[in-house]
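Student: What follows is structure-v5.txt, compact mmCIF, C-alpha atoms and all ligand atoms.
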# COMPACT_ATOMS: atom_id res chain seq x y z
CA MET A 1 -5.80 -15.05 2.77
CA LEU A 2 -3.11 -12.37 2.72
CA THR A 3 -1.36 -11.26 5.88
CA CYS A 4 -2.33 -7.68 6.34
CA GLU A 5 -1.51 -4.93 8.82
CA VAL A 6 -4.54 -2.76 9.62
CA VAL A 7 -4.08 0.38 11.71
CA GLY A 8 -6.47 3.21 12.67
CA GLN A 9 -9.96 4.29 11.75
CA GLY A 10 -11.30 6.54 9.00
CA PRO A 11 -11.26 6.53 5.20
CA ALA A 12 -9.21 3.57 3.99
CA ILE A 13 -5.79 3.62 2.34
CA LEU A 14 -4.43 0.44 0.73
CA PHE A 15 -0.63 0.27 0.45
CA VAL A 16 0.77 -2.18 -2.13
CA HIS A 17 4.49 -2.90 -1.86
CA GLY A 18 7.22 -3.39 -4.46
CA PHE A 19 9.74 -6.13 -5.28
CA PRO A 20 11.64 -7.76 -3.56
CA LEU A 21 10.15 -6.40 -0.36
CA ASP A 22 6.96 -6.58 1.68
CA ARG A 23 4.61 -4.26 3.59
CA TRP A 24 7.52 -3.04 5.73
CA MET A 25 8.44 -0.59 2.95
CA TRP A 26 5.35 1.46 3.87
CA HIS A 27 5.90 1.46 7.64
CA PRO A 28 6.66 5.19 7.99
CA GLN A 29 3.44 6.15 6.18
CA VAL A 30 1.38 3.52 8.04
CA ALA A 31 2.68 4.97 11.31
CA ALA A 32 2.18 8.62 10.38
CA LEU A 33 -1.18 8.89 8.65
CA ASP A 34 -3.50 9.24 11.66
CA GLY A 35 -7.18 9.66 10.90
CA TYR A 36 -7.19 6.98 8.20
CA ARG A 37 -7.60 3.21 8.20
CA ARG A 38 -4.19 2.12 6.91
CA ILE A 39 -4.21 -1.30 5.26
CA ALA A 40 -0.82 -2.77 4.33
CA PRO A 41 -0.89 -6.37 3.01
CA ASP A 42 1.96 -8.65 2.01
CA LEU A 43 1.41 -9.87 -1.56
CA PRO A 44 1.11 -13.68 -2.00
CA GLY A 45 4.27 -15.55 -1.03
CA LEU A 46 6.03 -12.38 0.12
CA GLY A 47 6.55 -11.14 3.69
CA GLU A 48 4.25 -13.23 5.87
CA SER A 49 1.60 -14.10 3.27
CA PRO A 50 1.33 -17.72 2.19
CA ALA A 51 2.47 -18.68 -1.30
CA GLY A 52 0.05 -20.27 -3.72
CA GLY A 53 -1.87 -19.25 -6.78
CA PRO A 54 -0.48 -18.15 -10.11
CA GLY A 55 2.25 -15.53 -10.47
CA THR A 56 0.05 -12.96 -12.19
CA MET A 57 -1.02 -9.39 -11.54
CA ALA A 58 -4.61 -10.61 -11.93
CA PHE A 59 -4.20 -13.00 -9.00
CA TYR A 60 -2.58 -10.31 -6.83
CA ALA A 61 -5.39 -7.83 -7.54
CA SER A 62 -8.11 -10.38 -6.85
CA GLU A 63 -6.43 -11.34 -3.55
CA LEU A 64 -6.35 -7.66 -2.57
CA GLY A 65 -10.05 -7.38 -3.44
CA ARG A 66 -10.77 -10.42 -1.24
CA CYS A 67 -8.77 -8.85 1.57
CA LEU A 68 -10.90 -5.66 1.38
CA ASP A 69 -14.09 -7.77 1.32
CA HIS A 70 -12.88 -9.61 4.40
CA LEU A 71 -12.22 -6.31 6.20
CA GLY A 72 -15.59 -4.91 5.11
CA VAL A 73 -13.90 -2.03 3.30
CA GLY A 74 -15.68 -0.48 0.31
CA SER A 75 -13.46 2.10 -1.34
CA VAL A 76 -9.78 2.92 -0.81
CA VAL A 77 -7.10 5.37 -1.74
CA LEU A 78 -4.84 2.95 -3.58
CA CYS A 79 -1.08 3.46 -3.26
CA GLY A 80 1.33 1.29 -5.22
CA LEU A 81 5.10 1.52 -5.41
CA SER A 82 6.91 -0.01 -8.40
CA MET A 83 5.54 -3.59 -8.65
CA GLY A 84 2.79 -2.29 -6.35
CA GLY A 85 1.98 0.21 -9.11
CA TYR A 86 1.70 -2.62 -11.64
CA VAL A 87 -0.72 -4.29 -9.22
CA ALA A 88 -2.63 -1.02 -8.80
CA PHE A 89 -3.23 -0.86 -12.57
CA GLU A 90 -4.69 -4.37 -12.38
CA CYS A 91 -6.90 -3.33 -9.44
CA LEU A 92 -8.18 -0.48 -11.64
CA ARG A 93 -9.11 -3.09 -14.25
CA GLN A 94 -10.76 -5.49 -11.79
CA TRP A 95 -12.48 -3.20 -9.28
CA PRO A 96 -12.35 0.44 -10.49
CA GLU A 97 -15.44 1.38 -8.46
CA ARG A 98 -13.48 0.82 -5.24
CA VAL A 99 -10.64 3.23 -6.11
CA ALA A 100 -11.37 6.69 -4.69
CA GLY A 101 -7.87 8.06 -5.20
CA LEU A 102 -4.58 6.78 -6.56
CA ALA A 103 -0.89 7.17 -5.77
CA LEU A 104 1.57 5.70 -8.28
CA MET A 105 5.11 5.80 -6.98
CA ASP A 106 8.35 4.86 -8.76
CA THR A 107 6.48 2.76 -11.27
CA ARG A 108 5.72 2.54 -14.97
CA ALA A 109 2.68 1.85 -17.17
CA ASP A 110 4.50 0.10 -20.03
CA PRO A 111 5.11 -3.67 -20.02
CA ASP A 112 8.52 -5.38 -20.01
CA THR A 113 10.50 -5.26 -23.25
CA GLU A 114 11.76 -8.52 -24.75
CA GLU A 115 15.15 -7.79 -23.20
CA GLY A 116 13.47 -7.09 -19.85
CA ARG A 117 11.64 -10.43 -20.02
CA GLN A 118 14.90 -12.24 -20.68
CA GLY A 119 16.38 -10.49 -17.63
CA ARG A 120 13.42 -11.73 -15.54
CA ASP A 121 14.07 -15.31 -16.73
CA ARG A 122 17.74 -15.05 -15.77
CA LEU A 123 16.85 -13.75 -12.31
CA ILE A 124 14.20 -16.46 -11.85
CA ALA A 125 16.85 -19.10 -12.59
CA GLU A 126 19.29 -17.48 -10.15
CA VAL A 127 16.68 -17.14 -7.40
CA ARG A 128 15.73 -20.81 -7.86
CA ALA A 129 19.40 -21.77 -7.56
CA ARG A 130 20.54 -19.43 -4.76
CA GLY A 131 17.38 -18.15 -3.09
CA ALA A 132 16.71 -14.57 -2.04
CA ALA A 133 20.42 -13.66 -1.92
CA ALA A 134 20.30 -13.62 -5.73
CA ALA A 135 17.47 -11.07 -5.65
CA ALA A 136 19.39 -8.97 -3.13
CA ASP A 137 22.52 -9.06 -5.32
CA ALA A 138 20.54 -8.03 -8.39
CA MET A 139 18.48 -5.27 -6.77
CA MET A 140 20.59 -3.71 -4.01
CA PRO A 141 22.94 -1.72 -6.27
CA ARG A 142 19.95 0.05 -7.88
CA LEU A 143 17.24 0.15 -5.21
CA VAL A 144 18.26 3.26 -3.32
CA GLY A 145 19.69 6.54 -4.54
CA ALA A 146 23.22 7.90 -4.31
CA THR A 147 22.27 10.09 -1.33
CA THR A 148 21.04 7.13 0.75
CA SER A 149 23.94 4.90 -0.33
CA ALA A 150 26.43 7.50 0.86
CA SER A 151 24.70 8.45 4.11
CA ARG A 152 23.05 5.31 5.57
CA PRO A 153 25.37 2.26 5.22
CA ALA A 154 24.01 0.52 8.35
CA TRP A 155 20.45 0.87 7.12
CA LEU A 156 21.48 -0.62 3.76
CA SER A 157 22.58 -3.80 5.56
CA GLU A 158 19.18 -3.97 7.25
CA LEU A 159 17.50 -3.59 3.86
CA ARG A 160 19.62 -6.41 2.43
CA GLN A 161 18.84 -8.69 5.38
CA ARG A 162 15.13 -8.11 4.89
CA ILE A 163 15.36 -9.04 1.21
CA GLU A 164 17.35 -12.16 2.09
CA ARG A 165 14.52 -13.37 4.34
CA THR A 166 12.04 -13.39 1.42
CA PRO A 167 10.78 -16.86 0.45
CA THR A 168 12.02 -18.10 -2.94
CA ALA A 169 8.57 -19.17 -4.19
CA GLY A 170 7.14 -15.68 -3.62
CA LEU A 171 10.06 -14.03 -5.43
CA VAL A 172 9.72 -16.36 -8.43
CA ALA A 173 5.96 -15.75 -8.63
CA ALA A 174 6.49 -11.97 -8.44
CA LEU A 175 9.08 -12.08 -11.23
CA GLU A 176 6.65 -14.12 -13.37
CA ALA A 177 3.87 -11.62 -12.62
CA MET A 178 6.03 -8.62 -13.58
CA LYS A 179 7.28 -10.36 -16.72
CA GLY A 180 3.74 -11.13 -17.88
CA ARG A 181 2.08 -7.87 -16.93
CA PRO A 182 -0.05 -6.18 -19.57
CA ASP A 183 0.48 -2.74 -21.07
CA SER A 184 -1.26 -0.26 -18.77
CA ARG A 185 -0.68 2.83 -20.93
CA PRO A 186 -4.19 2.60 -22.45
CA LEU A 187 -5.60 2.91 -18.90
CA LEU A 188 -3.94 6.21 -18.08
CA GLY A 189 -6.34 8.52 -19.93
CA THR A 190 -9.36 6.76 -18.35
CA ILE A 191 -8.30 7.43 -14.74
CA SER A 192 -10.80 9.88 -13.29
CA VAL A 193 -9.93 9.90 -9.56
CA PRO A 194 -7.47 12.30 -7.86
CA THR A 195 -4.02 10.92 -8.65
CA LEU A 196 -0.53 11.54 -7.35
CA VAL A 197 2.47 10.41 -9.38
CA LEU A 198 5.60 10.43 -7.22
CA VAL A 199 9.19 9.47 -7.96
CA GLY A 200 12.60 9.69 -6.32
CA ALA A 201 14.82 12.19 -8.16
CA GLU A 202 17.66 9.61 -8.08
CA ASP A 203 15.55 6.59 -9.14
CA VAL A 204 17.45 4.63 -11.82
CA ILE A 205 14.93 1.73 -12.06
CA THR A 206 11.91 3.88 -12.94
CA PRO A 207 13.45 7.31 -13.56
CA PRO A 208 11.66 10.67 -13.25
CA SER A 209 11.21 10.94 -17.05
CA LEU A 210 8.80 7.95 -16.87
CA ALA A 211 6.86 9.50 -14.01
CA GLU A 212 6.59 12.80 -15.89
CA ALA A 213 5.18 11.03 -18.95
CA MET A 214 2.75 9.03 -16.81
CA ALA A 215 1.54 12.15 -14.98
CA ARG A 216 0.98 13.92 -18.31
CA GLY A 217 -1.18 10.97 -19.44
CA ILE A 218 -3.50 10.97 -16.39
CA PRO A 219 -6.11 13.76 -16.35
CA GLY A 220 -5.45 16.17 -13.47
CA ALA A 221 -2.62 14.12 -11.94
CA SER A 222 -0.09 15.89 -9.76
CA LEU A 223 3.60 15.07 -9.97
CA VAL A 224 6.02 15.10 -7.04
CA VAL A 225 9.75 14.46 -7.55
CA VAL A 226 11.42 13.69 -4.21
CA PRO A 227 14.99 15.00 -3.87
CA GLY A 228 17.58 12.79 -2.19
CA SER A 229 15.73 9.55 -2.97
CA GLY A 230 16.15 6.61 -5.30
CA HIS A 231 13.58 3.87 -5.97
CA LEU A 232 12.37 3.61 -2.34
CA PRO A 233 11.23 7.12 -1.33
CA THR A 234 8.82 5.74 1.32
CA LEU A 235 11.92 4.68 3.28
CA GLU A 236 14.58 7.05 1.94
CA GLN A 237 12.60 10.30 2.40
CA PRO A 238 9.56 9.19 4.41
CA GLU A 239 8.35 12.64 5.51
CA ALA A 240 8.26 13.97 1.94
CA VAL A 241 6.18 10.96 0.84
CA THR A 242 3.80 11.27 3.79
CA GLU A 243 3.33 14.97 3.03
CA ALA A 244 2.58 14.26 -0.64
CA LEU A 245 0.05 11.60 0.44
CA ARG A 246 -1.61 14.04 2.84
CA SER A 247 -2.12 16.47 -0.08
CA LEU A 248 -3.64 13.67 -2.17
CA LEU A 249 -5.91 12.58 0.71
CA ARG A 250 -7.19 16.14 1.08
CA ARG A 251 -8.21 16.03 -2.58
CA VAL A 252 -10.12 12.77 -2.05
CA VAL A 253 -11.91 13.00 1.30
C1 LIG A 301 10.05 -3.10 -7.89
O1 LIG A 301 10.69 -2.27 -7.23
O2 LIG A 301 8.92 -3.47 -7.53
C2 LIG A 301 10.69 -3.67 -9.13
O3 LIG A 301 11.99 -3.17 -9.24
C3 LIG A 301 9.94 -3.35 -10.36
C4 LIG A 301 10.51 -4.01 -11.59
O4 LIG A 301 11.49 -4.74 -11.50
O5 LIG A 301 9.95 -3.79 -12.68
Just give me the structure of the file as structure tokens.
Ligand code: MLT
Tutor:
Amino acid sequence: MLTCEVVGQGPAILFVHGFPLDRWMWHPQVAALDGYRRIAPDLPGLGESPAGGPGTMAFYASELGRCLDHLGVGSVVLCGLSMGGYVAFECLRQWPERVAGLALMDTRADPDTEEGRQGRDRLIAEVRARGAAAAADAMMPRLVGATTSASRPAWLSELRQRIERTPTAGLVAALEAMKGRPDSRPLLGTISVPTLVLVGAEDVITPPSLAEAMARGIPGASLVVVPGSGHLPTLEQPEAVTEALRSLLRRVV
């Protein structure tokens, strides 16, 4: 069973984190969104969740479904950032009836290119050889935006230390899951719940042009571009993300 932080009472929000992090990347929103039951799990093998099971989006989504069953939660507003967005698409495939609203942040609907898959294989080999430091080396230069890099050097060291604590097996499984993920573009036009697409203006991993295209493909979706943020707006500009989520939540409940 996944390790999961559960805070507060009210309509449920499920926060799904990105790579190579854990539920910590949602801590400002978990702390701020009073009046809701905030559910923030660690995906298998990441953070404090045990490893085990295949490295697939299907496994991650079914584990999240089991976690909701265990908590007795019916429907959720589903929030996924980057890899968490890839997982959210899989949740929409496996248990669409449970998704009352959707937030897709700094993510993309298309699968890896052949070149992207080769890059995953190289990083898998490096992580196996050197552990989480290899993931930190690969990701740190691109994870946050220029504004954060220039203004919060001490916080960047904290971010790096957190990545370096991530277990190797969980990182390898996550890279396998991202490499093998299906094309979610055909899903976009079928999404019928209130949806927020959000992206950091300085995101170089999943840039704003991708978010704009995704928002155009989802009926009625709203688009928020967060100034002064790269790929991790939940941590780089937490208040702006919380505010955008509040607007989404008002549309849902
Ligand atoms: C993430 O932030 O979850 C990853 O950068 C996504 C990816 O590598 O495709």
Student: If the limit is 6 Å from any atom of ligand LIG 301 (chain A), counting all atoms listed in the file, which residues qualify? Return them as a ChimeraX atom specification.
Tutor: /A:18-19,82-83
Student: Go ahead and save the picked residues with C-alpha atoms, as a CSV table (one decimal), in the coordinates of the input.
Tutor:
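This is the output file selection_35.csv:
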chain,number,residue,atom,x,y,z
A,18,GLY,CA,7.2,-3.4,-4.5
A,19,PHE,CA,9.7,-6.1,-5.3
A,82,SER,CA,6.9,0.0,-8.4
A,83,MET,CA,5.5,-3.6,-8.6
Student: Residues of region 133-219 of chain A that have any atom at most 12 Å from an atom of region 90-97 of chain A: could you tabulate them with the shortest-distance atom pair and the distance in Å to one decimal, using all atoms listed in the file, ordered by chain and increasing number, as CSV?
Tutor:
residue,atom,partner,partner_atom,distance
A:Ala177,CA,A:Glu90,CA,11.2
A:Met178,CA,A:Glu90,CA,11.6
A:Arg181,CA,A:Glu90,CA,8.9
A:Pro182,CA,A:Glu90,CA,8.7
A:Asp183,CA,A:Glu90,CA,10.2
A:Ser184,CA,A:Glu90,CA,8.3
A:Arg185,CA,A:Glu90,CA,11.9
A:Pro186,CA,A:Arg93,CA,11.1
A:Leu187,CA,A:Arg93,CA,8.4
A:Leu188,CA,A:Leu92,CA,10.2
A:Thr190,CA,A:Leu92,CA,9.9
A:Ile191,CA,A:Leu92,CA,8.5
A:Ser192,CA,A:Pro96,CA,10.0
A:Val193,CA,A:Pro96,CA,9.8
Student: Work out how far CA of Leu196 (chain A) is from CA of Pro219 (chain A), in Å to one decimal.
Tutor: 10.8 Å
Student: Which residues, written as a PyMOL selection string, have at least one atom at most 8 Å from region 125-133 of chain A, with only C-alpha atoms counted and residues fewer than 3 positions away on the same chain left out?
Tutor: chain A and resi 121-122+136-137+163-168+171-172
Student: Just how far from CA of Arg251 (chain A) is CA of Leu21 (chain A), in Å to one decimal?
Tutor: 29.1 Å
Student: Which is closer to Gly217 (chain A) than all the others in A:Gly170, A:Ala109, A:Glu176, A:Ala134, using all atoms listed in the file?
Tutor: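 Residue with the minimum atom-to-atom distance to Gly217 (chain A): A:Ala109.
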Student: From the options A:Val16, A:Ile39, A:Ala154, A:Val241, which residue's atoms come nearest to Ala88 (chain A), counting all atoms listed in the file?
Tutor: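 Between A:Val16, A:Ile39, A:Ala154, A:Val241, the residue approaching Ala88 (chain A) most closely is A:Val16.
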Student: Go through A:Met214, A:Ala244, A:Val197, A:Met1 and flag the residue nearest Leu68 (chain A), using only C-alpha atoms for the distances.
Tutor: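 Of A:Met214, A:Ala244, A:Val197, A:Met1, the one nearest Leu68 (chain A) is A:Met1, counting only C-alpha atoms.
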Student: In Å, how far is it from CA of Pro111 (chain A) to CA of Asp42 (chain A)?
Tutor: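 Going from CA of Pro111 (chain A) over to CA of Asp42 (chain A) covers 22.8 Å.
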Student: Would you mind telling me which residue in A:Met105, A:Leu245, A:Gly10, A:Leu2 lies nearest to Asp69 (chain A) when using only C-alpha atoms?
Tutor: A:Leu2
Student: Using all atoms listed in the file, find the one residue out of A:Val87, A:Ala12, A:Ala169, A:Leu235 that sits nearest to Gly72 (chain A).
Tutor: A:Ala12
Student: Once you add 3 Å to each side, what are the centre and edge lengths of the axis-aligned box holding all listed atoms of region 60-75 of chain A? One decimal in Å, as JSON, if you can.
Tutor:
{"center_x": -9.1, "center_y": -4.6, "center_z": -0.7, "size_x": 19.1, "size_y": 19.4, "size_z": 19.7}
Student: Can you work out which one of A:Met139, A:Val199, A:Val252, A:Val225 has the shortest atom-to-atom distance to Leu156 (chain A), counting only C-alpha atoms?
Tutor: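 Using only C-alpha atoms, the shortest distance to Leu156 (chain A) belongs to A:Met139.
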Student: When you look at Pro233 (chain A) with a cut-off of 9 Å (counting only C-alpha atoms), what residues show up, excluding the ones that are within fewer than 5 positions of it in the same chain? I need them as an NGL selection string.
Tutor: :A and (105-106 or 144 or 198-200 or 203 or 226 or 228 or 238 or 240-241)
Student: Got a sec: who's within 10 Å of Lys179 (chain A), counting only C-alpha atoms, leaving out chain neighbours fewer than 2 positions off, as a PyMOL selection string?
Tutor: chain A and resi 55-57+111-114+116-121+173-177+181-182
Student: I'd like the neighbourhood of Leu71 (chain A) as a PyMOL selection string, where a residue qualifies if any of its atoms comes within 12 Å (using all atoms listed in the file), though same-chain residues fewer than 3 positions away should be ignored.
Tutor: chain A and resi 1-7+12+14+37-39+41+64-68+74-76
Student: Where atoms are absent from region 207-230 of chain A, fill them in so it carries N, CA and C atoms, then output it as a JSON list (two decimals), keeping the file's coordinate frame.
Tutor:
[["chain", "number", "residue", "atom", "x", "y", "z"],
["A", 207, "PRO", "N", 12.97, 5.93, -13.73],
["A", 207, "PRO", "CA", 13.45, 7.31, -13.56],
["A", 207, "PRO", "C", 12.35, 8.37, -13.71],
["A", 208, "PRO", "N", 12.65, 9.59, -13.23],
["A", 208, "PRO", "CA", 11.66, 10.67, -13.25],
["A", 208, "PRO", "C", 11.05, 10.91, -14.63],
["A", 209, "SER", "N", 11.80, 10.69, -15.72],
["A", 209, "SER", "CA", 11.21, 10.94, -17.05],
["A", 209, "SER", "C", 9.96, 10.07, -17.27],
["A", 210, "LEU", "N", 9.97, 8.84, -16.74],
["A", 210, "LEU", "CA", 8.80, 7.95, -16.87],
["A", 210, "LEU", "C", 7.62, 8.49, -16.07],
["A", 211, "ALA", "N", 7.93, 8.96, -14.87],
["A", 211, "ALA", "CA", 6.86, 9.50, -14.01],
["A", 211, "ALA", "C", 6.24, 10.74, -14.65],
["A", 212, "GLU", "N", 7.10, 11.58, -15.24],
["A", 212, "GLU", "CA", 6.59, 12.80, -15.89],
["A", 212, "GLU", "C", 5.64, 12.43, -17.02],
["A", 213, "ALA", "N", 6.03, 11.44, -17.83],
["A", 213, "ALA", "CA", 5.18, 11.03, -18.95],
["A", 213, "ALA", "C", 3.86, 10.44, -18.44],
["A", 214, "MET", "N", 3.95, 9.65, -17.36],
["A", 214, "MET", "CA", 2.75, 9.03, -16.81],
["A", 214, "MET", "C", 1.81, 10.11, -16.26],
["A", 215, "ALA", "N", 2.37, 11.07, -15.56],
["A", 215, "ALA", "CA", 1.54, 12.15, -14.98],
["A", 215, "ALA", "C", 0.86, 12.95, -16.09],
["A", 216, "ARG", "N", 1.59, 13.17, -17.19],
["A", 216, "ARG", "CA", 0.98, 13.92, -18.31],
["A", 216, "ARG", "C", -0.19, 13.15, -18.91],
["A", 217, "GLY", "N", -0.13, 11.81, -18.83],
["A", 217, "GLY", "CA", -1.18, 10.97, -19.44],
["A", 217, "GLY", "C", -2.42, 10.81, -18.58],
["A", 218, "ILE", "N", -2.35, 11.18, -17.30],
["A", 218, "ILE", "CA", -3.50, 10.97, -16.39],
["A", 218, "ILE", "C", -4.17, 12.32, -16.14],
["A", 219, "PRO", "N", -5.45, 12.45, -16.51],
["A", 219, "PRO", "CA", -6.11, 13.76, -16.35],
["A", 219, "PRO", "C", -6.01, 14.29, -14.92],
["A", 220, "GLY", "N", -5.48, 15.50, -14.78],
["A", 220, "GLY", "CA", -5.45, 16.17, -13.47],
["A", 220, "GLY", "C", -4.43, 15.62, -12.49],
["A", 221, "ALA", "N", -3.57, 14.71, -12.90],
["A", 221, "ALA", "CA", -2.62, 14.12, -11.94],
["A", 221, "ALA", "C", -1.60, 15.16, -11.48],
["A", 222, "SER", "N", -1.18, 15.03, -10.22],
["A", 222, "SER", "CA", -0.09, 15.89, -9.76],
["A", 222, "SER", "C", 1.19, 15.06, -9.72],
["A", 223, "LEU", "N", 2.31, 15.74, -9.93],
["A", 223, "LEU", "CA", 3.60, 15.07, -9.97],
["A", 223, "LEU", "C", 4.49, 15.60, -8.85],
["A", 224, "VAL", "N", 5.07, 14.70, -8.08],
["A", 224, "VAL", "CA", 6.02, 15.10, -7.04],
["A", 224, "VAL", "C", 7.33, 14.34, -7.28],
["A", 225, "VAL", "N", 8.43, 15.07, -7.42],
["A", 225, "VAL", "CA", 9.75, 14.46, -7.55],
["A", 225, "VAL", "C", 10.47, 14.70, -6.22],
["A", 226, "VAL", "N", 10.87, 13.59, -5.56],
["A", 226, "VAL", "CA", 11.42, 13.69, -4.21],
["A", 226, "VAL", "C", 12.94, 13.75, -4.26],
["A", 227, "PRO", "N", 13.53, 14.89, -3.85],
["A", 227, "PRO", "CA", 14.99, 15.00, -3.87],
["A", 227, "PRO", "C", 15.62, 14.04, -2.85],
["A", 228, "GLY", "N", 16.83, 13.61, -3.14],
["A", 228, "GLY", "CA", 17.58, 12.79, -2.19],
["A", 228, "GLY", "C", 17.04, 11.37, -2.05],
["A", 229, "SER", "N", 16.28, 10.91, -3.05],
["A", 229, "SER", "CA", 15.73, 9.55, -2.97],
["A", 229, "SER", "C", 15.92, 8.81, -4.28],
["A", 230, "GLY", "N", 16.14, 7.49, -4.15],
["A", 230, "GLY", "CA", 16.15, 6.61, -5.30],
["A", 230, "GLY", "C", 14.79, 5.96, -5.45]]
